[in-house]
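Source file: input_2.txt. Holds: compact mmCIF, N, CA and C atoms.
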```txt
# COMPACT_ATOMS: atom_id res chain seq x y z
N MET A 5 112.72 61.44 52.33
CA MET A 5 113.34 60.65 53.35
C MET A 5 113.67 61.54 54.53
N ALA A 6 113.28 61.17 55.71
CA ALA A 6 113.57 61.95 56.90
C ALA A 6 114.27 61.07 57.91
N THR A 7 115.31 61.60 58.47
CA THR A 7 115.98 60.90 59.57
C THR A 7 115.92 61.80 60.78
N THR A 8 115.78 61.21 61.95
CA THR A 8 115.71 62.00 63.17
C THR A 8 116.61 61.40 64.23
N LYS A 9 117.02 62.27 65.14
CA LYS A 9 117.80 61.82 66.28
C LYS A 9 117.46 62.72 67.45
N SER A 10 117.59 62.23 68.66
CA SER A 10 117.29 63.05 69.84
C SER A 10 118.36 62.88 70.88
N ASN A 11 118.43 63.85 71.82
CA ASN A 11 119.42 63.75 72.86
C ASN A 11 118.90 63.02 74.09
N ASN A 12 117.60 63.01 74.35
CA ASN A 12 117.06 62.35 75.54
C ASN A 12 115.65 61.87 75.24
N SER A 13 115.50 60.65 74.81
CA SER A 13 114.20 60.16 74.36
C SER A 13 113.22 59.90 75.50
N ASN A 14 113.67 59.84 76.76
CA ASN A 14 112.77 59.56 77.87
C ASN A 14 111.79 60.70 78.13
N SER A 15 112.25 61.94 78.10
CA SER A 15 111.39 63.07 78.48
C SER A 15 111.00 63.93 77.29
N ILE A 16 111.34 63.53 76.09
CA ILE A 16 111.09 64.36 74.91
C ILE A 16 110.02 63.72 74.05
N GLU A 17 109.05 64.53 73.68
CA GLU A 17 107.97 64.08 72.80
C GLU A 17 108.48 64.06 71.36
N GLU A 18 108.38 62.92 70.70
CA GLU A 18 108.88 62.81 69.32
C GLU A 18 108.04 63.62 68.35
N ILE A 19 108.67 63.97 67.25
CA ILE A 19 108.01 64.75 66.20
C ILE A 19 106.98 63.87 65.48
N THR A 20 105.84 64.47 65.13
CA THR A 20 104.76 63.73 64.47
C THR A 20 104.92 63.78 62.95
N LYS A 21 104.15 62.96 62.25
CA LYS A 21 104.15 62.99 60.79
C LYS A 21 103.71 64.36 60.27
N ASP A 22 102.70 64.96 60.92
CA ASP A 22 102.24 66.29 60.52
C ASP A 22 103.35 67.32 60.67
N GLU A 23 104.12 67.21 61.74
CA GLU A 23 105.21 68.16 61.96
C GLU A 23 106.33 67.95 60.94
N LEU A 24 106.61 66.70 60.60
CA LEU A 24 107.60 66.44 59.54
C LEU A 24 107.12 67.01 58.21
N SER A 25 105.81 66.91 57.97
CA SER A 25 105.23 67.48 56.76
C SER A 25 105.41 69.00 56.73
N LEU A 26 105.30 69.63 57.89
CA LEU A 26 105.52 71.08 57.96
C LEU A 26 106.96 71.44 57.63
N VAL A 27 107.91 70.64 58.12
CA VAL A 27 109.32 70.89 57.82
C VAL A 27 109.53 70.77 56.31
N ARG A 28 108.97 69.74 55.72
CA ARG A 28 109.09 69.53 54.27
C ARG A 28 108.47 70.69 53.49
N SER A 29 107.28 71.12 53.91
CA SER A 29 106.62 72.24 53.24
C SER A 29 107.43 73.52 53.39
N TYR A 30 108.01 73.73 54.56
CA TYR A 30 108.84 74.91 54.76
C TYR A 30 109.99 74.93 53.75
N LEU A 31 110.67 73.79 53.60
CA LEU A 31 111.78 73.71 52.66
C LEU A 31 111.32 73.98 51.23
N LEU A 32 110.27 73.29 50.82
CA LEU A 32 109.76 73.45 49.45
C LEU A 32 109.33 74.89 49.19
N LEU A 33 108.55 75.45 50.10
CA LEU A 33 108.04 76.81 49.89
C LEU A 33 109.16 77.85 49.89
N THR A 34 110.17 77.65 50.71
CA THR A 34 111.30 78.58 50.72
C THR A 34 112.00 78.57 49.36
N PHE A 35 112.26 77.38 48.83
CA PHE A 35 112.92 77.28 47.53
C PHE A 35 112.01 77.80 46.42
N ILE A 36 110.75 77.44 46.45
CA ILE A 36 109.80 77.88 45.42
C ILE A 36 109.73 79.40 45.38
N HIS A 37 109.61 80.03 46.54
CA HIS A 37 109.51 81.49 46.58
C HIS A 37 110.76 82.13 46.00
N LYS A 38 111.93 81.61 46.35
CA LYS A 38 113.18 82.16 45.81
C LYS A 38 113.28 81.98 44.30
N VAL A 39 112.83 80.83 43.81
CA VAL A 39 112.87 80.58 42.36
C VAL A 39 111.93 81.54 41.63
N PHE A 40 110.71 81.70 42.14
CA PHE A 40 109.77 82.64 41.52
C PHE A 40 110.32 84.06 41.53
N GLU A 41 110.87 84.50 42.65
CA GLU A 41 111.43 85.86 42.75
C GLU A 41 112.57 86.04 41.76
N ARG A 42 113.44 85.06 41.66
CA ARG A 42 114.55 85.13 40.72
C ARG A 42 114.03 85.20 39.28
N ASP A 43 113.05 84.35 38.97
CA ASP A 43 112.50 84.33 37.62
C ASP A 43 111.86 85.67 37.26
N CYS A 44 111.18 86.30 38.22
CA CYS A 44 110.60 87.63 37.97
C CYS A 44 111.68 88.63 37.60
N ARG A 45 112.78 88.62 38.35
CA ARG A 45 113.89 89.55 38.06
C ARG A 45 114.48 89.28 36.68
N VAL A 46 114.69 88.02 36.36
CA VAL A 46 115.30 87.65 35.07
C VAL A 46 114.39 88.05 33.92
N ILE A 47 113.10 87.74 34.03
CA ILE A 47 112.15 88.09 32.97
C ILE A 47 112.11 89.60 32.77
N GLY A 48 112.05 90.34 33.86
CA GLY A 48 111.97 91.80 33.77
C GLY A 48 113.19 92.45 33.17
N LYS A 49 114.37 91.87 33.40
CA LYS A 49 115.63 92.47 32.95
C LYS A 49 116.16 91.90 31.65
N SER A 50 115.57 90.80 31.16
CA SER A 50 116.16 90.08 30.03
C SER A 50 116.11 90.85 28.72
N GLY A 51 115.05 91.63 28.51
CA GLY A 51 114.89 92.31 27.24
C GLY A 51 114.46 91.38 26.11
N LEU A 52 114.14 90.13 26.43
CA LEU A 52 113.76 89.15 25.41
C LEU A 52 112.26 89.09 25.16
N PHE A 53 111.48 89.65 26.04
CA PHE A 53 110.03 89.56 25.94
C PHE A 53 109.45 90.87 25.41
N LYS A 54 108.44 90.76 24.54
CA LYS A 54 107.73 91.95 24.06
C LYS A 54 106.88 92.55 25.18
N THR A 55 106.31 91.67 26.01
CA THR A 55 105.45 92.11 27.11
C THR A 55 105.89 91.45 28.42
N PRO A 56 107.05 91.82 28.91
CA PRO A 56 107.56 91.16 30.12
C PRO A 56 106.64 91.34 31.32
N GLN A 57 105.91 92.46 31.37
CA GLN A 57 105.05 92.72 32.53
C GLN A 57 103.99 91.63 32.70
N LEU A 58 103.50 91.04 31.59
CA LEU A 58 102.52 89.96 31.70
C LEU A 58 103.11 88.72 32.38
N TYR A 59 104.32 88.37 31.97
CA TYR A 59 104.95 87.19 32.53
C TYR A 59 105.40 87.43 33.98
N VAL A 60 105.89 88.63 34.23
CA VAL A 60 106.26 88.98 35.60
C VAL A 60 105.03 88.94 36.50
N GLU A 61 103.90 89.43 36.00
CA GLU A 61 102.66 89.40 36.77
C GLU A 61 102.24 87.96 37.08
N LEU A 62 102.34 87.08 36.11
CA LEU A 62 101.97 85.68 36.30
C LEU A 62 102.87 85.03 37.35
N VAL A 63 104.18 85.16 37.17
CA VAL A 63 105.13 84.53 38.09
C VAL A 63 105.06 85.20 39.47
N SER A 64 104.86 86.50 39.48
CA SER A 64 104.72 87.23 40.74
C SER A 64 103.50 86.73 41.52
N GLY A 65 102.43 86.40 40.82
CA GLY A 65 101.24 85.83 41.47
C GLY A 65 101.57 84.50 42.12
N GLY A 66 102.37 83.69 41.46
CA GLY A 66 102.82 82.43 42.05
C GLY A 66 103.69 82.67 43.27
N ALA A 67 104.56 83.68 43.19
CA ALA A 67 105.42 84.02 44.33
C ALA A 67 104.58 84.48 45.52
N LYS A 68 103.54 85.24 45.26
CA LYS A 68 102.67 85.71 46.35
C LYS A 68 101.94 84.55 47.02
N LYS A 69 101.47 83.60 46.20
CA LYS A 69 100.80 82.41 46.78
C LYS A 69 101.78 81.61 47.61
N ALA A 70 102.99 81.42 47.10
CA ALA A 70 104.00 80.68 47.85
C ALA A 70 104.34 81.41 49.15
N SER A 71 104.43 82.73 49.09
CA SER A 71 104.74 83.52 50.28
C SER A 71 103.64 83.41 51.32
N MET A 72 102.39 83.45 50.89
CA MET A 72 101.27 83.30 51.82
C MET A 72 101.29 81.91 52.48
N MET A 73 101.56 80.90 51.69
CA MET A 73 101.64 79.53 52.22
C MET A 73 102.80 79.41 53.21
N LEU A 74 103.93 80.03 52.88
CA LEU A 74 105.10 79.99 53.75
C LEU A 74 104.81 80.70 55.08
N GLN A 75 104.10 81.81 55.03
CA GLN A 75 103.71 82.50 56.27
C GLN A 75 102.84 81.61 57.14
N GLU A 76 101.92 80.89 56.52
CA GLU A 76 101.05 79.99 57.27
C GLU A 76 101.85 78.84 57.87
N VAL A 77 102.78 78.28 57.10
CA VAL A 77 103.63 77.21 57.61
C VAL A 77 104.46 77.72 58.79
N ASN A 78 105.00 78.93 58.68
CA ASN A 78 105.78 79.51 59.77
C ASN A 78 104.95 79.69 61.03
N ARG A 79 103.70 80.14 60.88
CA ARG A 79 102.81 80.26 62.04
C ARG A 79 102.57 78.91 62.69
N GLU A 80 102.36 77.90 61.86
CA GLU A 80 102.12 76.56 62.37
C GLU A 80 103.37 75.99 63.06
N LEU A 81 104.54 76.24 62.48
CA LEU A 81 105.79 75.80 63.10
C LEU A 81 105.93 76.43 64.49
N THR A 82 105.66 77.71 64.59
CA THR A 82 105.75 78.43 65.86
C THR A 82 104.77 77.87 66.87
N SER A 83 103.54 77.63 66.45
CA SER A 83 102.52 77.14 67.38
C SER A 83 102.85 75.74 67.90
N ARG A 84 103.65 74.99 67.14
CA ARG A 84 104.02 73.63 67.56
C ARG A 84 105.41 73.59 68.20
N HIS A 85 105.99 74.76 68.43
CA HIS A 85 107.32 74.86 69.05
C HIS A 85 108.35 74.09 68.24
N LEU A 86 108.27 74.25 66.92
CA LEU A 86 109.17 73.57 65.99
C LEU A 86 110.03 74.64 65.33
N LYS A 87 111.34 74.52 65.48
CA LYS A 87 112.25 75.51 64.92
C LYS A 87 113.22 74.83 63.97
N ILE A 88 113.33 75.37 62.78
CA ILE A 88 114.28 74.86 61.80
C ILE A 88 115.57 75.67 61.99
N SER A 89 116.63 74.99 62.38
CA SER A 89 117.86 75.70 62.73
C SER A 89 118.78 75.93 61.55
N THR A 90 118.93 74.95 60.69
CA THR A 90 119.78 75.13 59.51
C THR A 90 119.17 74.45 58.30
N VAL A 91 119.44 75.03 57.14
CA VAL A 91 119.04 74.44 55.86
C VAL A 91 120.29 74.45 54.99
N ARG A 92 120.62 73.30 54.45
CA ARG A 92 121.78 73.18 53.56
C ARG A 92 121.37 72.42 52.31
N GLN A 93 122.11 72.69 51.25
CA GLN A 93 121.93 71.93 50.02
C GLN A 93 123.29 71.53 49.49
N ASP A 94 123.34 70.39 48.84
CA ASP A 94 124.55 69.94 48.17
C ASP A 94 124.14 69.19 46.91
N GLN A 95 125.06 68.48 46.31
CA GLN A 95 124.77 67.80 45.05
C GLN A 95 123.74 66.69 45.22
N ARG A 96 123.54 66.18 46.43
CA ARG A 96 122.58 65.10 46.66
C ARG A 96 121.16 65.59 46.92
N GLY A 97 121.05 66.75 47.59
CA GLY A 97 119.71 67.23 47.91
C GLY A 97 119.72 68.33 48.94
N VAL A 98 118.62 68.42 49.69
CA VAL A 98 118.42 69.47 50.69
C VAL A 98 118.34 68.81 52.06
N GLU A 99 118.95 69.46 53.04
CA GLU A 99 118.95 68.95 54.41
C GLU A 99 118.54 70.07 55.36
N ALA A 100 117.68 69.74 56.31
CA ALA A 100 117.27 70.70 57.34
C ALA A 100 117.48 70.06 58.70
N GLN A 101 117.97 70.84 59.63
CA GLN A 101 118.05 70.42 61.02
C GLN A 101 116.98 71.18 61.77
N TYR A 102 116.29 70.48 62.68
CA TYR A 102 115.18 71.10 63.40
C TYR A 102 115.18 70.68 64.85
N ASN A 103 114.47 71.47 65.64
CA ASN A 103 114.27 71.19 67.06
C ASN A 103 112.78 71.31 67.33
N CYS A 104 112.19 70.26 67.85
CA CYS A 104 110.76 70.24 68.12
C CYS A 104 110.53 69.80 69.56
N ARG A 105 110.22 70.75 70.42
CA ARG A 105 109.98 70.46 71.84
C ARG A 105 111.14 69.68 72.46
N GLY A 106 112.37 70.07 72.09
CA GLY A 106 113.54 69.41 72.63
C GLY A 106 114.03 68.22 71.81
N TYR A 107 113.24 67.78 70.86
CA TYR A 107 113.61 66.66 69.99
C TYR A 107 114.40 67.23 68.82
N ILE A 108 115.64 66.82 68.67
CA ILE A 108 116.49 67.33 67.61
C ILE A 108 116.54 66.30 66.49
N GLY A 109 116.33 66.76 65.28
CA GLY A 109 116.36 65.83 64.15
C GLY A 109 116.80 66.52 62.87
N GLU A 110 116.87 65.74 61.83
CA GLU A 110 117.19 66.30 60.52
C GLU A 110 116.37 65.61 59.45
N MET A 111 116.11 66.36 58.40
CA MET A 111 115.38 65.83 57.26
C MET A 111 116.27 65.99 56.04
N ASN A 112 116.39 64.93 55.28
CA ASN A 112 117.15 64.95 54.03
C ASN A 112 116.21 64.58 52.90
N ILE A 113 116.18 65.42 51.86
CA ILE A 113 115.34 65.15 50.69
C ILE A 113 116.25 65.17 49.47
N LEU A 114 116.26 64.07 48.73
CA LEU A 114 117.09 63.98 47.53
C LEU A 114 116.51 64.85 46.42
N TRP A 115 117.39 65.36 45.55
CA TRP A 115 116.97 66.28 44.49
C TRP A 115 115.83 65.78 43.61
N PRO A 116 115.87 64.54 43.12
CA PRO A 116 114.78 64.14 42.20
C PRO A 116 113.39 64.33 42.81
N GLY A 117 113.19 63.88 44.02
CA GLY A 117 111.89 64.03 44.67
C GLY A 117 111.59 65.48 45.00
N PHE A 118 112.60 66.22 45.42
CA PHE A 118 112.42 67.63 45.77
C PHE A 118 112.01 68.43 44.53
N ARG A 119 112.71 68.21 43.43
CA ARG A 119 112.39 68.92 42.17
C ARG A 119 110.97 68.58 41.70
N ARG A 120 110.62 67.30 41.77
CA ARG A 120 109.30 66.86 41.31
C ARG A 120 108.20 67.55 42.13
N GLU A 121 108.36 67.56 43.44
CA GLU A 121 107.35 68.18 44.28
C GLU A 121 107.33 69.70 44.10
N MET A 122 108.51 70.30 43.90
CA MET A 122 108.55 71.74 43.63
C MET A 122 107.77 72.07 42.36
N MET A 123 108.01 71.29 41.31
CA MET A 123 107.33 71.56 40.04
C MET A 123 105.82 71.42 40.18
N LEU A 124 105.37 70.39 40.89
CA LEU A 124 103.93 70.21 41.10
C LEU A 124 103.34 71.42 41.82
N ARG A 125 104.00 71.84 42.90
CA ARG A 125 103.49 72.99 43.67
C ARG A 125 103.57 74.28 42.86
N MET A 126 104.67 74.47 42.14
CA MET A 126 104.80 75.69 41.33
C MET A 126 103.71 75.75 40.27
N ARG A 127 103.44 74.64 39.63
CA ARG A 127 102.37 74.60 38.63
C ARG A 127 101.03 74.96 39.28
N ALA A 128 100.77 74.43 40.47
CA ALA A 128 99.52 74.73 41.16
C ALA A 128 99.44 76.22 41.48
N TYR A 129 100.53 76.82 41.96
CA TYR A 129 100.52 78.25 42.32
C TYR A 129 100.37 79.14 41.09
N LEU A 130 100.75 78.62 39.93
CA LEU A 130 100.59 79.38 38.68
C LEU A 130 99.26 79.09 38.00
N GLY A 131 98.48 78.17 38.56
CA GLY A 131 97.18 77.83 37.99
C GLY A 131 97.28 76.89 36.80
N LEU A 132 98.36 76.13 36.71
CA LEU A 132 98.58 75.20 35.61
C LEU A 132 98.17 73.78 36.03
N PRO A 133 97.88 72.91 35.07
CA PRO A 133 97.54 71.52 35.41
C PRO A 133 98.70 70.85 36.16
N THR A 134 98.35 69.95 37.07
CA THR A 134 99.39 69.30 37.88
C THR A 134 99.36 67.78 37.73
N ASP A 135 98.70 67.26 36.71
CA ASP A 135 98.67 65.80 36.60
C ASP A 135 100.05 65.26 36.25
N SER A 136 100.32 64.04 36.65
CA SER A 136 101.66 63.47 36.56
C SER A 136 102.14 63.25 35.13
N SER A 137 101.24 63.07 34.17
CA SER A 137 101.69 62.85 32.79
C SER A 137 102.35 64.10 32.23
N ILE A 138 101.82 65.26 32.57
CA ILE A 138 102.42 66.53 32.12
C ILE A 138 103.78 66.70 32.76
N LEU A 139 103.87 66.42 34.05
CA LEU A 139 105.11 66.59 34.77
C LEU A 139 106.20 65.65 34.25
N SER A 140 105.88 64.41 33.97
CA SER A 140 106.90 63.48 33.49
C SER A 140 107.43 63.90 32.11
N GLN A 141 106.57 64.50 31.27
CA GLN A 141 107.02 65.00 29.97
C GLN A 141 108.00 66.14 30.17
N GLU A 142 107.69 67.04 31.09
CA GLU A 142 108.58 68.18 31.33
C GLU A 142 109.91 67.74 31.91
N GLU A 143 109.91 66.75 32.80
CA GLU A 143 111.14 66.30 33.42
C GLU A 143 112.10 65.74 32.40
N SER A 144 111.58 65.10 31.35
CA SER A 144 112.46 64.53 30.35
C SER A 144 113.08 65.61 29.48
N VAL A 145 112.47 66.79 29.42
CA VAL A 145 112.97 67.87 28.59
C VAL A 145 113.94 68.76 29.36
N VAL A 146 113.60 69.12 30.59
CA VAL A 146 114.42 70.10 31.29
C VAL A 146 114.49 69.76 32.78
N GLN A 147 115.62 70.01 33.39
CA GLN A 147 115.79 69.83 34.83
C GLN A 147 115.82 71.22 35.47
N LEU A 148 115.14 71.35 36.59
CA LEU A 148 115.10 72.61 37.32
C LEU A 148 116.45 72.79 38.01
N ALA A 149 117.11 73.89 37.71
CA ALA A 149 118.41 74.17 38.34
C ALA A 149 118.18 74.94 39.63
N LEU A 150 118.67 74.40 40.72
CA LEU A 150 118.47 75.04 42.02
C LEU A 150 119.80 75.32 42.67
N SER A 151 120.12 76.58 42.76
CA SER A 151 121.24 76.98 43.61
C SER A 151 120.84 78.29 44.23
N ILE A 152 120.40 78.19 45.45
CA ILE A 152 119.87 79.35 46.15
C ILE A 152 120.73 79.63 47.36
```
Any chance you could put this one into structure tokens?
Amino acid sequence: MATTKSNNSNSIEEITKDELSLVRSYLLLTFIHKVFERDCRVIGKSGLFKTPQLYVELVSGGAKKASMMLQEVNRELTSRHLKISTVRQDQRGVEAQYNCRGYIGEMNILWPGFRREMMLRMRAYLGLPTDSSILSQEESVVQLALSI
């Protein structure tokens, strides 16, 4: 769900669907990268794995893919004169405020949809299947905890 507002609609070009998609991708990729980085640290320090380097390598590969995607999204945001000014999270979800060619708006994404899309993307970056039947099974077992 995205809501937008502007200060002067007469001379300001409104944000496009593609640009809103970039804002959404920026949020998802930022959270995904932080989750992968945190997981790498936890796996490496836990002492619970016989071969932690294998799992760190796998998750680190996902983090690198997310980082590369985030760099590309940042380049695209810059080329479109789109700046994300603040990102906040609370018990309801994630909120970003942005400025695009003078158009000021905000995007709010509720946790259920944000988590679902994060899991799909994380699975893709790890080279795992991303079909919805697998994801719905996982959602019933465990919820992704996000506090970044």
Give me every alpha helix (DSSP H) residue in range 48-128 of chain A, going by DSSP on the backbone, as a ChimeraX atom specification.
/A:48-50,56-83,115-128
Nearest to Ile47 in chain A: which of A:Met122, A:Leu26, A:Leu33, A:Ser64 is it, counting only C-alpha atoms?
A:Ser64
Atom C of Val91 in chain A sits from atom C of Glu17 in chain A at a separation of 22.7 Å
Report the closest atom pair, with its distance in Å rounded to one decimal, for each residue of range 56-89 of chain A that has an atom no farther than 7 Å from range 104-108 of chain A; count only C-alpha atoms, sort by chain and then rising residue number, and write it as a Markdown table.
```
| residue | atom | partner | partner_atom | distance |
| --- | --- | --- | --- | --- |
| A:His85 | CA | A:Cys104 | CA | 5.8 |
| A:Leu86 | CA | A:Cys104 | CA | 4.3 |
| A:Lys87 | CA | A:Cys104 | CA | 6.3 |
```
Hey, can you check how far atom N of Glu99 in chain A sits from CA of Glu23 in chain A?
16.4 Å
Counting only N, CA and C atoms, which of A:Met126, A:Trp115, A:Arg79, A:Gly109 gets nearest to Gln95 in chain A?
A:Trp115
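Atom pair CA of Met73 in chain A / CA of Pro56 in chain A has a distance of 25.7 Å (rounded to one decimal).
Closest approach to Asp94 in chain A among A:Leu114, A:Val77, A:Cys44, A:Leu24 is made by A:Leu114 (distances from only C-alpha atoms).
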Which residue out of A:Lys54, A:Arg125, A:Arg92, A:Lys69 has the minimum interatomic distance to Glu110 in chain A when only C-alpha atoms are used?
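Closest candidate: A:Arg92.
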Between A:His37, A:Val27, A:Ala128, A:Ser50, which residue has the minimum interatomic distance to Ala100 in chain A, considering only N, CA and C atoms?
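Among the listed residues, the smallest separation from Ala100 in chain A belongs to A:Val27.
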Restricting the calculation to only C-alpha atoms, which member of A:Leu124, A:Asn112, A:Phe40, A:Ser89 is positioned closest to Gly65 in chain A?
A:Phe40
Going by DSSP on the backbone, which bits of range 28-151 of chain A are strand (DSSP E or B)? Write them as a list of chain:residue names, please.
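In range 28-151 of chain A, DSSP puts these residues in strand (DSSP E or B): A:Leu86, A:Lys87, A:Ile88, A:Ser89, A:Thr90, A:Val91, A:Arg92, A:Gln93, A:Gly97, A:Val98, A:Glu99, A:Ala100, A:Gln101, A:Tyr102, A:Asn103, A:Cys104, A:Tyr107, A:Ile108, A:Gly109, A:Glu110, A:Met111, A:Asn112, A:Ile113, A:Leu114.
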Extract, using only C-alpha atoms, all DNA, RNA and protein residues at most 12 Å from Phe35 in chain A, discarding same-chain residues fewer than 2 positions from it, and format them as a PyMOL selection string.
chain A and resi 28-33+37-42+67+70-71+74+91-93+98+118-119+121-123+125-126+148-152
Restricting the output to N, CA and C atoms, write the selected residues as a tab-separated table (two decimals), in the coordinates of the input.
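Contents of out-v6.tsv, freshly written:
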```
chain	number	residue	atom	x	y	z
A	28	ARG	N	108.97	69.74	55.72
A	28	ARG	CA	109.09	69.53	54.27
A	28	ARG	C	108.47	70.69	53.49
A	29	SER	N	107.28	71.12	53.91
A	29	SER	CA	106.62	72.24	53.24
A	29	SER	C	107.43	73.52	53.39
A	30	TYR	N	108.01	73.73	54.56
A	30	TYR	CA	108.84	74.91	54.76
A	30	TYR	C	109.99	74.93	53.75
A	31	LEU	N	110.67	73.79	53.60
A	31	LEU	CA	111.78	73.71	52.66
A	31	LEU	C	111.32	73.98	51.23
A	32	LEU	N	110.27	73.29	50.82
A	32	LEU	CA	109.76	73.45	49.45
A	32	LEU	C	109.33	74.89	49.19
A	33	LEU	N	108.55	75.45	50.10
A	33	LEU	CA	108.04	76.81	49.89
A	33	LEU	C	109.16	77.85	49.89
A	37	HIS	N	109.61	80.03	46.54
A	37	HIS	CA	109.51	81.49	46.58
A	37	HIS	C	110.76	82.13	46.00
A	38	LYS	N	111.93	81.61	46.35
A	38	LYS	CA	113.18	82.16	45.81
A	38	LYS	C	113.28	81.98	44.30
A	39	VAL	N	112.83	80.83	43.81
A	39	VAL	CA	112.87	80.58	42.36
A	39	VAL	C	111.93	81.54	41.63
A	40	PHE	N	110.71	81.70	42.14
A	40	PHE	CA	109.77	82.64	41.52
A	40	PHE	C	110.32	84.06	41.53
A	41	GLU	N	110.87	84.50	42.65
A	41	GLU	CA	111.43	85.86	42.75
A	41	GLU	C	112.57	86.04	41.76
A	42	ARG	N	113.44	85.06	41.66
A	42	ARG	CA	114.55	85.13	40.72
A	42	ARG	C	114.03	85.20	39.28
A	67	ALA	N	104.56	83.68	43.19
A	67	ALA	CA	105.42	84.02	44.33
A	67	ALA	C	104.58	84.48	45.52
A	70	ALA	N	102.99	81.42	47.10
A	70	ALA	CA	104.00	80.68	47.85
A	70	ALA	C	104.34	81.41	49.15
A	71	SER	N	104.43	82.73	49.09
A	71	SER	CA	104.74	83.52	50.28
A	71	SER	C	103.64	83.41	51.32
A	74	LEU	N	103.93	80.03	52.88
A	74	LEU	CA	105.10	79.99	53.75
A	74	LEU	C	104.81	80.70	55.08
A	91	VAL	N	119.44	75.03	57.14
A	91	VAL	CA	119.04	74.44	55.86
A	91	VAL	C	120.29	74.45	54.99
A	92	ARG	N	120.62	73.30	54.45
A	92	ARG	CA	121.78	73.18	53.56
A	92	ARG	C	121.37	72.42	52.31
A	93	GLN	N	122.11	72.69	51.25
A	93	GLN	CA	121.93	71.93	50.02
A	93	GLN	C	123.29	71.53	49.49
A	98	VAL	N	118.62	68.42	49.69
A	98	VAL	CA	118.42	69.47	50.69
A	98	VAL	C	118.34	68.81	52.06
A	118	PHE	N	112.60	66.22	45.42
A	118	PHE	CA	112.42	67.63	45.77
A	118	PHE	C	112.01	68.43	44.53
A	119	ARG	N	112.71	68.21	43.43
A	119	ARG	CA	112.39	68.92	42.17
A	119	ARG	C	110.97	68.58	41.70
A	121	GLU	N	108.36	67.56	43.44
A	121	GLU	CA	107.35	68.18	44.28
A	121	GLU	C	107.33	69.70	44.10
A	122	MET	N	108.51	70.30	43.90
A	122	MET	CA	108.55	71.74	43.63
A	122	MET	C	107.77	72.07	42.36
A	123	MET	N	108.01	71.29	41.31
A	123	MET	CA	107.33	71.56	40.04
A	123	MET	C	105.82	71.42	40.18
A	125	ARG	N	104.00	71.84	42.90
A	125	ARG	CA	103.49	72.99	43.67
A	125	ARG	C	103.57	74.28	42.86
A	126	MET	N	104.67	74.47	42.14
A	126	MET	CA	104.80	75.69	41.33
A	126	MET	C	103.71	75.75	40.27
A	148	LEU	N	115.14	71.35	36.59
A	148	LEU	CA	115.10	72.61	37.32
A	148	LEU	C	116.45	72.79	38.01
A	149	ALA	N	117.11	73.89	37.71
A	149	ALA	CA	118.41	74.17	38.34
A	149	ALA	C	118.18	74.94	39.63
A	150	LEU	N	118.67	74.40	40.72
A	150	LEU	CA	118.47	75.04	42.02
A	150	LEU	C	119.80	75.32	42.67
A	151	SER	N	120.12	76.58	42.76
A	151	SER	CA	121.24	76.98	43.61
A	151	SER	C	120.84	78.29	44.23
A	152	ILE	N	120.40	78.19	45.45
A	152	ILE	CA	119.87	79.35	46.15
A	152	ILE	C	120.73	79.63	47.36
```
So for range 61-74 of chain A, what box centre and size do we get, axis-aligned, 3 Å extra on each of the six sides, every listed atom, Å to one decimal, as lines of an AutoDock Vina configuration file?
```
center_x = 103.1
center_y = 84.4
center_z = 45.5
size_x = 10.6
size_y = 16.0
size_z = 25.1
```
